[in-house]
$ cat protein_14.txt   # compact mmCIF, C-alpha atoms
# COMPACT_ATOMS: atom_id res chain seq x y z
CA MET S 6 -106.91 101.11 -168.84
CA SER S 7 -109.39 98.94 -166.95
CA LEU S 8 -109.39 99.15 -163.17
CA ASN S 9 -110.32 95.46 -163.02
CA LYS S 10 -106.85 94.28 -164.03
CA ILE S 11 -103.69 94.15 -161.95
CA VAL S 12 -102.32 97.67 -161.69
CA GLU S 13 -98.59 98.07 -162.16
CA LYS S 14 -98.22 100.99 -159.81
CA SER S 15 -94.58 101.53 -160.72
CA ASN S 16 -95.80 102.75 -164.13
CA ILE S 17 -98.09 105.46 -162.76
CA LEU S 18 -97.59 108.80 -164.46
CA LEU S 19 -99.05 112.07 -163.22
CA ASP S 20 -98.44 114.95 -165.62
CA GLY S 21 -95.60 112.95 -167.09
CA VAL S 22 -93.86 112.24 -163.76
CA LEU S 23 -93.43 108.67 -162.48
CA LEU S 24 -94.81 108.05 -158.99
CA GLU S 25 -92.46 105.15 -158.29
CA GLY S 26 -90.28 105.96 -155.27
CA ARG S 27 -92.08 109.26 -154.77
CA VAL S 28 -95.22 110.49 -153.05
CA LEU S 29 -98.50 111.89 -154.23
CA VAL S 30 -98.92 115.33 -152.66
CA ILE S 31 -102.46 116.69 -152.22
CA ASP S 32 -103.20 120.25 -151.14
CA LEU S 33 -105.92 120.33 -148.48
CA ILE S 34 -109.13 121.14 -150.35
CA LYS S 35 -111.73 123.45 -148.85
CA ASP S 36 -115.15 121.99 -148.06
CA SER S 37 -116.85 124.13 -150.68
CA GLN S 38 -114.35 123.39 -153.46
CA ASP S 39 -113.69 120.58 -155.90
CA LEU S 40 -110.30 119.19 -156.82
CA ASP S 41 -108.23 121.09 -159.36
CA PRO S 42 -105.84 118.32 -160.47
CA HIS S 43 -103.26 120.67 -161.98
CA ALA S 44 -103.18 122.93 -158.91
CA ASP S 45 -103.91 120.53 -156.04
CA LEU S 46 -102.00 117.36 -157.05
CA HIS S 47 -98.22 117.06 -157.21
CA VAL S 48 -95.57 114.37 -157.38
CA ALA S 49 -92.48 114.90 -155.29
CA PRO S 50 -89.82 113.23 -153.16
CA LEU S 51 -90.49 113.46 -149.42
CA VAL S 52 -88.31 116.55 -148.96
CA GLY S 53 -89.06 120.04 -147.71
CA ALA S 54 -91.81 118.70 -145.49
CA GLY S 55 -92.98 120.45 -142.36
CA LYS S 56 -94.25 118.82 -139.17
CA LEU S 57 -95.69 115.44 -140.18
CA ALA S 58 -98.38 113.32 -138.53
CA SER S 59 -100.19 110.18 -139.61
CA LEU S 60 -103.99 110.07 -139.53
CA SER S 61 -103.65 107.74 -136.55
CA ASP S 62 -101.80 110.53 -134.72
CA LEU S 63 -104.53 113.03 -135.61
CA LYS S 64 -107.20 110.62 -134.38
CA LYS S 65 -105.41 110.28 -131.04
CA SER S 66 -105.47 114.09 -130.81
CA ASN S 67 -109.22 114.05 -131.62
CA LYS S 68 -108.82 116.39 -134.62
CA ILE S 69 -112.04 115.14 -136.22
CA ALA S 70 -112.82 118.21 -138.34
CA LEU S 71 -109.33 118.14 -139.87
CA LEU S 72 -109.51 114.37 -140.41
CA ARG S 73 -112.77 114.76 -142.29
CA ARG S 74 -111.28 117.42 -144.56
CA ILE S 75 -108.21 115.27 -145.21
CA TRP S 76 -110.43 112.26 -145.96
CA ARG S 77 -112.49 114.30 -148.42
CA SER S 78 -109.34 115.62 -150.12
CA VAL S 79 -107.94 112.09 -150.42
CA CYS S 80 -111.26 110.83 -151.85
CA LEU S 81 -111.29 113.51 -154.54
CA ALA S 82 -107.65 112.85 -155.40
CA MET S 83 -108.19 109.08 -155.63
CA HIS S 84 -111.26 109.60 -157.82
CA TYR S 85 -109.02 111.50 -160.23
CA ILE S 86 -106.30 108.83 -160.06
CA HIS S 87 -108.89 106.11 -160.75
CA GLY S 88 -109.98 108.10 -163.78
CA LEU S 89 -106.43 107.77 -165.11
CA GLY S 90 -106.75 104.00 -164.71
CA TYR S 91 -104.65 103.55 -161.57
CA ALA S 92 -105.24 102.57 -157.94
CA HIS S 93 -103.18 102.67 -154.74
CA GLY S 94 -104.16 99.57 -152.77
CA SER S 95 -103.11 100.48 -149.23
CA LEU S 96 -104.86 103.62 -147.99
CA THR S 97 -104.60 103.28 -144.21
CA PRO S 98 -104.35 105.81 -141.35
CA ASP S 99 -100.63 105.08 -141.11
CA SER S 100 -99.95 105.37 -144.84
CA ILE S 101 -101.50 108.83 -145.24
CA VAL S 102 -99.40 111.65 -143.79
CA TRP S 103 -100.44 115.19 -142.89
CA ASP S 104 -97.96 118.07 -143.29
CA SER S 105 -99.41 120.68 -140.94
CA GLU S 106 -97.01 123.50 -141.82
CA ASN S 107 -97.67 123.35 -145.55
CA ARG S 108 -101.33 122.19 -145.29
CA ARG S 109 -100.83 119.24 -147.60
CA ILE S 110 -101.24 115.46 -147.60
CA PHE S 111 -98.66 112.86 -148.58
CA ILE S 112 -99.56 109.41 -149.95
CA PRO S 113 -96.44 107.25 -150.47
CA GLU S 114 -95.89 103.55 -151.33
CA TRP S 115 -96.93 103.61 -154.95
CA ASP S 116 -94.33 100.96 -155.82
CA SER S 117 -95.63 98.17 -153.56
CA SER S 118 -97.95 96.30 -155.95
CA GLY S 119 -98.42 92.63 -155.12
CA ILE S 120 -96.91 92.86 -151.63
CA GLU S 121 -98.95 91.33 -148.82
CA PRO S 122 -100.23 94.02 -146.41
CA ASP S 123 -98.21 94.56 -143.23
CA LEU S 124 -99.69 94.14 -139.75
CA LYS S 125 -100.70 97.82 -139.47
CA ALA S 126 -102.66 97.63 -142.74
CA LEU S 127 -104.51 94.38 -142.00
CA PRO S 128 -107.34 95.91 -139.87
CA PHE S 129 -108.39 97.98 -142.92
CA CYS S 130 -107.63 95.41 -145.62
CA PRO S 131 -110.12 94.03 -148.22
CA PRO S 132 -110.25 90.26 -148.80
CA GLU S 133 -108.75 90.43 -152.30
CA LEU S 134 -105.36 91.53 -150.94
CA LEU S 135 -104.97 88.19 -149.18
CA GLY S 136 -106.19 86.36 -152.27
CA ASP S 137 -105.17 87.15 -155.83
CA LYS S 138 -103.67 90.52 -154.75
CA LYS S 139 -105.32 92.25 -157.70
CA ILE S 140 -105.87 95.87 -156.74
CA SER S 141 -108.43 98.13 -158.36
CA GLY S 142 -110.49 101.20 -157.67
CA ALA S 143 -112.81 98.97 -155.63
CA THR S 144 -109.85 98.06 -153.39
CA ASP S 145 -109.31 101.74 -152.62
CA ILE S 146 -113.04 102.20 -151.97
CA TYR S 147 -112.87 99.44 -149.35
CA PHE S 148 -109.87 101.10 -147.68
CA LEU S 149 -111.55 104.51 -147.75
CA ALA S 150 -114.76 103.14 -146.19
CA ALA S 151 -112.67 101.50 -143.45
CA LEU S 152 -110.79 104.78 -143.00
CA LEU S 153 -114.06 106.72 -142.66
CA PHE S 154 -115.23 104.23 -140.04
CA PHE S 155 -111.98 104.78 -138.11
CA ILE S 156 -112.27 108.58 -138.33
CA GLU S 157 -115.89 108.66 -137.16
CA THR S 158 -115.80 105.96 -134.47
CA GLY S 159 -112.17 105.27 -133.58
CA GLU S 160 -112.86 101.58 -134.32
CA ILE S 161 -111.22 99.32 -136.90
CA VAL S 162 -113.09 97.18 -139.42
CA HIS S 163 -111.24 93.88 -138.91
CA GLN S 164 -110.33 92.57 -135.47
CA GLY S 165 -108.33 89.60 -134.21
CA ASP S 166 -106.35 88.42 -131.21
CA ASN S 167 -103.31 87.68 -133.38
CA GLU S 168 -102.16 87.93 -136.98
CA ASN S 169 -103.73 84.61 -138.00
CA SER S 170 -107.15 85.42 -136.54
CA LEU S 171 -106.95 88.88 -138.11
CA LYS S 172 -106.25 87.35 -141.52
CA ASN S 173 -109.13 84.93 -141.02
CA SER S 174 -111.43 87.91 -140.35
CA ILE S 175 -110.24 89.53 -143.57
CA GLN S 176 -110.53 86.43 -145.75
CA ASN S 177 -114.07 85.81 -144.51
CA ASN S 178 -114.81 89.55 -144.41
CA ILE S 179 -115.85 89.43 -140.76
CA ILE S 180 -116.29 93.10 -139.98
CA HIS S 181 -116.89 95.04 -136.76
CA PRO S 182 -120.17 93.89 -135.11
CA ILE S 183 -121.79 97.32 -135.15
CA LEU S 184 -121.50 97.36 -138.94
CA ASN S 185 -123.75 94.32 -139.11
CA THR S 186 -126.67 95.83 -137.22
CA GLU S 187 -129.95 95.43 -139.09
CA ASP S 188 -131.80 98.22 -137.30
CA ALA S 189 -129.82 101.16 -138.68
CA LYS S 190 -132.83 102.88 -140.23
CA ASN S 191 -131.24 106.26 -140.98
CA HIS S 192 -129.92 106.24 -144.55
CA ASP S 193 -127.10 108.55 -143.53
CA ASN S 194 -126.10 106.43 -140.55
CA ILE S 195 -122.36 105.72 -140.40
CA CYS S 196 -122.99 101.96 -140.41
CA ARG S 197 -125.08 102.05 -143.57
CA VAL S 198 -122.66 104.34 -145.38
CA VAL S 199 -119.58 102.31 -144.50
CA SER S 200 -121.07 98.83 -144.89
CA LYS S 201 -121.72 99.26 -148.63
CA GLY S 202 -118.07 100.07 -149.20
CA LEU S 203 -117.02 96.88 -147.37
CA LYS S 204 -118.85 94.31 -149.48
CA THR S 205 -116.81 91.24 -150.45
CA PRO S 206 -117.87 91.18 -154.14
CA GLN S 207 -116.18 94.24 -155.56
CA PRO S 208 -119.10 95.15 -157.88
CA ASP S 209 -121.36 95.41 -154.79
CA ARG S 210 -119.28 98.26 -153.38
CA TYR S 211 -119.73 101.89 -154.42
CA SER S 212 -119.18 102.23 -158.16
CA ALA S 213 -116.85 105.20 -157.66
CA VAL S 214 -115.13 107.02 -154.80
CA VAL S 215 -117.35 110.06 -155.29
CA GLU S 216 -120.40 107.88 -154.67
CA LEU S 217 -118.99 106.97 -151.24
CA LEU S 218 -118.16 110.62 -150.66
CA GLU S 219 -121.67 111.76 -151.56
CA ALA S 220 -123.20 109.11 -149.28
CA SER S 221 -121.10 110.42 -146.40
CA GLU S 222 -121.80 114.14 -146.89
CA SER S 223 -124.29 114.41 -144.03
CA LEU S 224 -121.83 112.64 -141.73
CA LEU S 225 -119.08 115.10 -142.60
CA LYS S 226 -121.42 118.00 -141.80
CA SER S 227 -122.71 116.48 -138.56
CA PRO S 228 -122.69 118.58 -135.36
CA PRO S 229 -119.67 118.57 -133.07
CA PRO S 230 -119.19 115.40 -131.01
CA ARG S 231 -120.73 115.13 -127.56
CA GLU S 232 -117.42 115.89 -125.85
CA LEU S 233 -117.18 119.20 -127.70
CA TRP S 234 -120.76 120.12 -126.81
CA TYR S 235 -119.89 119.31 -123.21
CA ASP S 236 -116.89 121.66 -123.35
CA ILE S 237 -119.01 124.41 -124.92
CA SER S 238 -121.81 124.05 -122.37
CA THR S 239 -119.29 124.02 -119.51
CA ALA S 240 -117.68 127.19 -120.81
CA LEU S 241 -121.07 128.91 -121.18
CA THR S 242 -122.12 127.85 -117.67
CA THR S 243 -118.87 129.19 -116.23
CA TYR S 244 -119.34 132.44 -118.13
CA MET S 245 -122.91 132.87 -116.87
CA VAL S 246 -121.83 132.21 -113.28
CA ILE S 247 -119.10 134.84 -113.54
CA VAL S 248 -121.52 137.36 -115.06
CA GLY S 249 -124.09 136.58 -112.34
CA ILE S 250 -121.54 137.12 -109.57
CA PHE S 251 -120.43 140.38 -111.18
CA LEU S 252 -124.04 141.66 -111.45
CA TRP S 253 -124.76 140.62 -107.87
CA PHE S 254 -121.64 142.52 -106.80
CA LEU S 255 -122.82 145.68 -108.64
CA VAL S 256 -126.28 145.46 -107.05
CA TRP S 257 -124.71 145.02 -103.62
CA MET S 258 -122.42 148.04 -104.15
CA PHE S 259 -125.20 150.38 -105.26
CA SER S 260 -127.56 149.22 -102.53
CA SER S 261 -124.99 149.74 -99.75

$ encode --input "protein_14.txt" --output "structure tokens"
Amino acid sequence: MSLNKIVEKSNILLDGVLLEGRVLVIDLIKDSQDLDPHADLHVAPLVGAGKLASLSDLKKSNKIALLRRIWRSVCLAMHYIHGLGYAHGSLTPDSIVWDSENRRIFIPEWDSSGIEPDLKALPFCPPELLGDKKISGATDIYFLAALLFFIETGEIVHQGDNENSLKNSIQNNIIHPILNTEDAKNHDNICRVVSKGLKTPQPDRYSAVVELLEASESLLKSPPPRELWYDISTALTTYMVIVGIFLWFLVWMFSS
């Protein structure tokens, strides 16, 4: 099945099970491992879940390392789904759910083909979803690039003062100003990696999800954010002060 045609998501089968009205369940994949479709992907009703949080919730809690692992797991799963000839069409921080107790990811809404994106989805939405509403693998690549941008920066791709201005930004593919900077010389820079996935002509985007994933590998392995380094340096400074006071106290005792 070609990914360039309208995808009837209600017909999606995974190991013979219809995804309509159910969720795709992805086991969190380790950084050093690849996806094992038969072990890591499941189709199930949303039952028996543990404590759930959206990716927006995780971002508010600054769980960047976990977000990156979830994003990688979702990318690998969507690459497999695209290989079956299907796409999702609405991969946003609020549509991907993390089950912390069972260490797995839920992706629902597989039966919403042709529906205009809701207000929460619009900041991450590609232009085609406000046009002919044909979803494809390239649609998911756009969403995943926008999701990566959100995870790494906390910013959203499309901005607007109201719903109409937001839709205008989408239709004209007016993206966040920092993504348009011409002086991003580092090939692995977040702006350069994300911008390619946000091109208006779908063929100009990454040819496959794994291509986006490979382009982002150095970002995913980047050092801890400045805030974390600040916390580490503060803890080390405090430790050294305590040790210094203790040593001074020992010297004072033995010299008395």

$ closest_atom_pairs --input "protein_14.txt" --of "segment 25-130 of chain S" --to "segment 208-215 of chain S" --cutoff "9 Å" --atoms "all atoms listed in the file" --output "JSON lines"
{"residue": "S:Cys80", "atom": "CA", "partner": "S:Val214", "partner_atom": "CA", "distance": 6.2}
{"residue": "S:Leu81", "atom": "CA", "partner": "S:Val215", "partner_atom": "CA", "distance": 7.0}
{"residue": "S:Met83", "atom": "CA", "partner": "S:Val214", "partner_atom": "CA", "distance": 7.3}
{"residue": "S:His84", "atom": "CA", "partner": "S:Val214", "partner_atom": "CA", "distance": 5.5}
{"residue": "S:His87", "atom": "CA", "partner": "S:Ala213", "partner_atom": "CA", "distance": 8.6}

$ atom_distance --input "protein_14.txt" --atom1 "atom CA of Val48 of chain S" --atom2 "atom CA of Leu29 of chain S"
5.0 Å

$ residues_around --input "protein_14.txt" --residues "segment 152-163 of chain S" --least-positions-apart "2" --cutoff "10 Å" --atoms "only C-alpha atoms" --output "PyMOL selection string"
chain S and resi 60-61+63-65+67-70+72-73+76-77+96-98+127-131+146-150+165+170-175+178-184+195-196+198-200+203+217-218+221+224-225+230

$ write_last_selection --input "protein_14.txt" --atoms "C-alpha atoms" --output "PDB file, in the frame of the given file"
ATOM      1  CA  LEU S  60    -103.990 110.070-139.530  1.00  0.00           C
ATOM      2  CA  SER S  61    -103.650 107.740-136.550  1.00  0.00           C
ATOM      3  CA  LEU S  63    -104.530 113.030-135.610  1.00  0.00           C
ATOM      4  CA  LYS S  64    -107.200 110.620-134.380  1.00  0.00           C
ATOM      5  CA  LYS S  65    -105.410 110.280-131.040  1.00  0.00           C
ATOM      6  CA  ASN S  67    -109.220 114.050-131.620  1.00  0.00           C
ATOM      7  CA  LYS S  68    -108.820 116.390-134.620  1.00  0.00           C
ATOM      8  CA  ILE S  69    -112.040 115.140-136.220  1.00  0.00           C
ATOM      9  CA  ALA S  70    -112.820 118.210-138.340  1.00  0.00           C
ATOM     10  CA  LEU S  72    -109.510 114.370-140.410  1.00  0.00           C
ATOM     11  CA  ARG S  73    -112.770 114.760-142.290  1.00  0.00           C
ATOM     12  CA  TRP S  76    -110.430 112.260-145.960  1.00  0.00           C
ATOM     13  CA  ARG S  77    -112.490 114.300-148.420  1.00  0.00           C
ATOM     14  CA  LEU S  96    -104.860 103.620-147.990  1.00  0.00           C
ATOM     15  CA  THR S  97    -104.600 103.280-144.210  1.00  0.00           C
ATOM     16  CA  PRO S  98    -104.350 105.810-141.350  1.00  0.00           C
ATOM     17  CA  LEU S 127    -104.510  94.380-142.000  1.00  0.00           C
ATOM     18  CA  PRO S 128    -107.340  95.910-139.870  1.00  0.00           C
ATOM     19  CA  PHE S 129    -108.390  97.980-142.920  1.00  0.00           C
ATOM     20  CA  CYS S 130    -107.630  95.410-145.620  1.00  0.00           C
ATOM     21  CA  PRO S 131    -110.120  94.030-148.220  1.00  0.00           C
ATOM     22  CA  ILE S 146    -113.040 102.200-151.970  1.00  0.00           C
ATOM     23  CA  TYR S 147    -112.870  99.440-149.350  1.00  0.00           C
ATOM     24  CA  PHE S 148    -109.870 101.100-147.680  1.00  0.00           C
ATOM     25  CA  LEU S 149    -111.550 104.510-147.750  1.00  0.00           C
ATOM     26  CA  ALA S 150    -114.760 103.140-146.190  1.00  0.00           C
ATOM     27  CA  GLY S 165    -108.330  89.600-134.210  1.00  0.00           C
ATOM     28  CA  SER S 170    -107.150  85.420-136.540  1.00  0.00           C
ATOM     29  CA  LEU S 171    -106.950  88.880-138.110  1.00  0.00           C
ATOM     30  CA  LYS S 172    -106.250  87.350-141.520  1.00  0.00           C
ATOM     31  CA  ASN S 173    -109.130  84.930-141.020  1.00  0.00           C
ATOM     32  CA  SER S 174    -111.430  87.910-140.350  1.00  0.00           C
ATOM     33  CA  ILE S 175    -110.240  89.530-143.570  1.00  0.00           C
ATOM     34  CA  ASN S 178    -114.810  89.550-144.410  1.00  0.00           C
ATOM     35  CA  ILE S 179    -115.850  89.430-140.760  1.00  0.00           C
ATOM     36  CA  ILE S 180    -116.290  93.100-139.980  1.00  0.00           C
ATOM     37  CA  HIS S 181    -116.890  95.040-136.760  1.00  0.00           C
ATOM     38  CA  PRO S 182    -120.170  93.890-135.110  1.00  0.00           C
ATOM     39  CA  ILE S 183    -121.790  97.320-135.150  1.00  0.00           C
ATOM     40  CA  LEU S 184    -121.500  97.360-138.940  1.00  0.00           C
ATOM     41  CA  ILE S 195    -122.360 105.720-140.400  1.00  0.00           C
ATOM     42  CA  CYS S 196    -122.990 101.960-140.410  1.00  0.00           C
ATOM     43  CA  VAL S 198    -122.660 104.340-145.380  1.00  0.00           C
ATOM     44  CA  VAL S 199    -119.580 102.310-144.500  1.00  0.00           C
ATOM     45  CA  SER S 200    -121.070  98.830-144.890  1.00  0.00           C
ATOM     46  CA  LEU S 203    -117.020  96.880-147.370  1.00  0.00           C
ATOM     47  CA  LEU S 217    -118.990 106.970-151.240  1.00  0.00           C
ATOM     48  CA  LEU S 218    -118.160 110.620-150.660  1.00  0.00           C
ATOM     49  CA  SER S 221    -121.100 110.420-146.400  1.00  0.00           C
ATOM     50  CA  LEU S 224    -121.830 112.640-141.730  1.00  0.00           C
ATOM     51  CA  LEU S 225    -119.080 115.100-142.600  1.00  0.00           C
ATOM     52  CA  PRO S 230    -119.190 115.400-131.010  1.00  0.00           C
TER      53      PRO S 230
END

$ closest_residue --input "protein_14.txt" --among "S:Asp99, S:Asp166, S:Asp145, S:Asp104" --to "Asp123 of chain S" --atoms "only C-alpha atoms"
S:Asp99

$ residues_near_point --input "protein_14.txt" --point "(-97.2, 123.7, -135.8)" --cutoff "10 Å" --atoms "all atoms listed in the file" --output "PyMOL selection string"
chain S and resi 55-57+104-107

$ atom_distance --input "protein_14.txt" --atom1 "atom CA of Ile75 of chain S" --atom2 "atom CA of Arg27 of chain S"
19.7 Å

$ atom_distance --input "protein_14.txt" --atom1 "atom CA of Ser100 of chain S" --atom2 "atom CA of Lys204 of chain S"
22.4 Å

$ residues_around --input "protein_14.txt" --residues "Trp103 of chain S" --least-positions-apart "2" --cutoff "8 Å" --atoms "all atoms listed in the file" --output "count of residues only"
10

$ closest_residue --input "protein_14.txt" --among "S:Leu134, S:Leu124, S:Leu40, S:Val28" --to "Tyr85 of chain S" --atoms "all atoms listed in the file"
S:Leu40

$ closest_residue --input "protein_14.txt" --among "S:Pro122, S:Pro113, S:Asp36, S:Val30" --to "Glu222 of chain S" --atoms "all atoms listed in the file"
S:Asp36
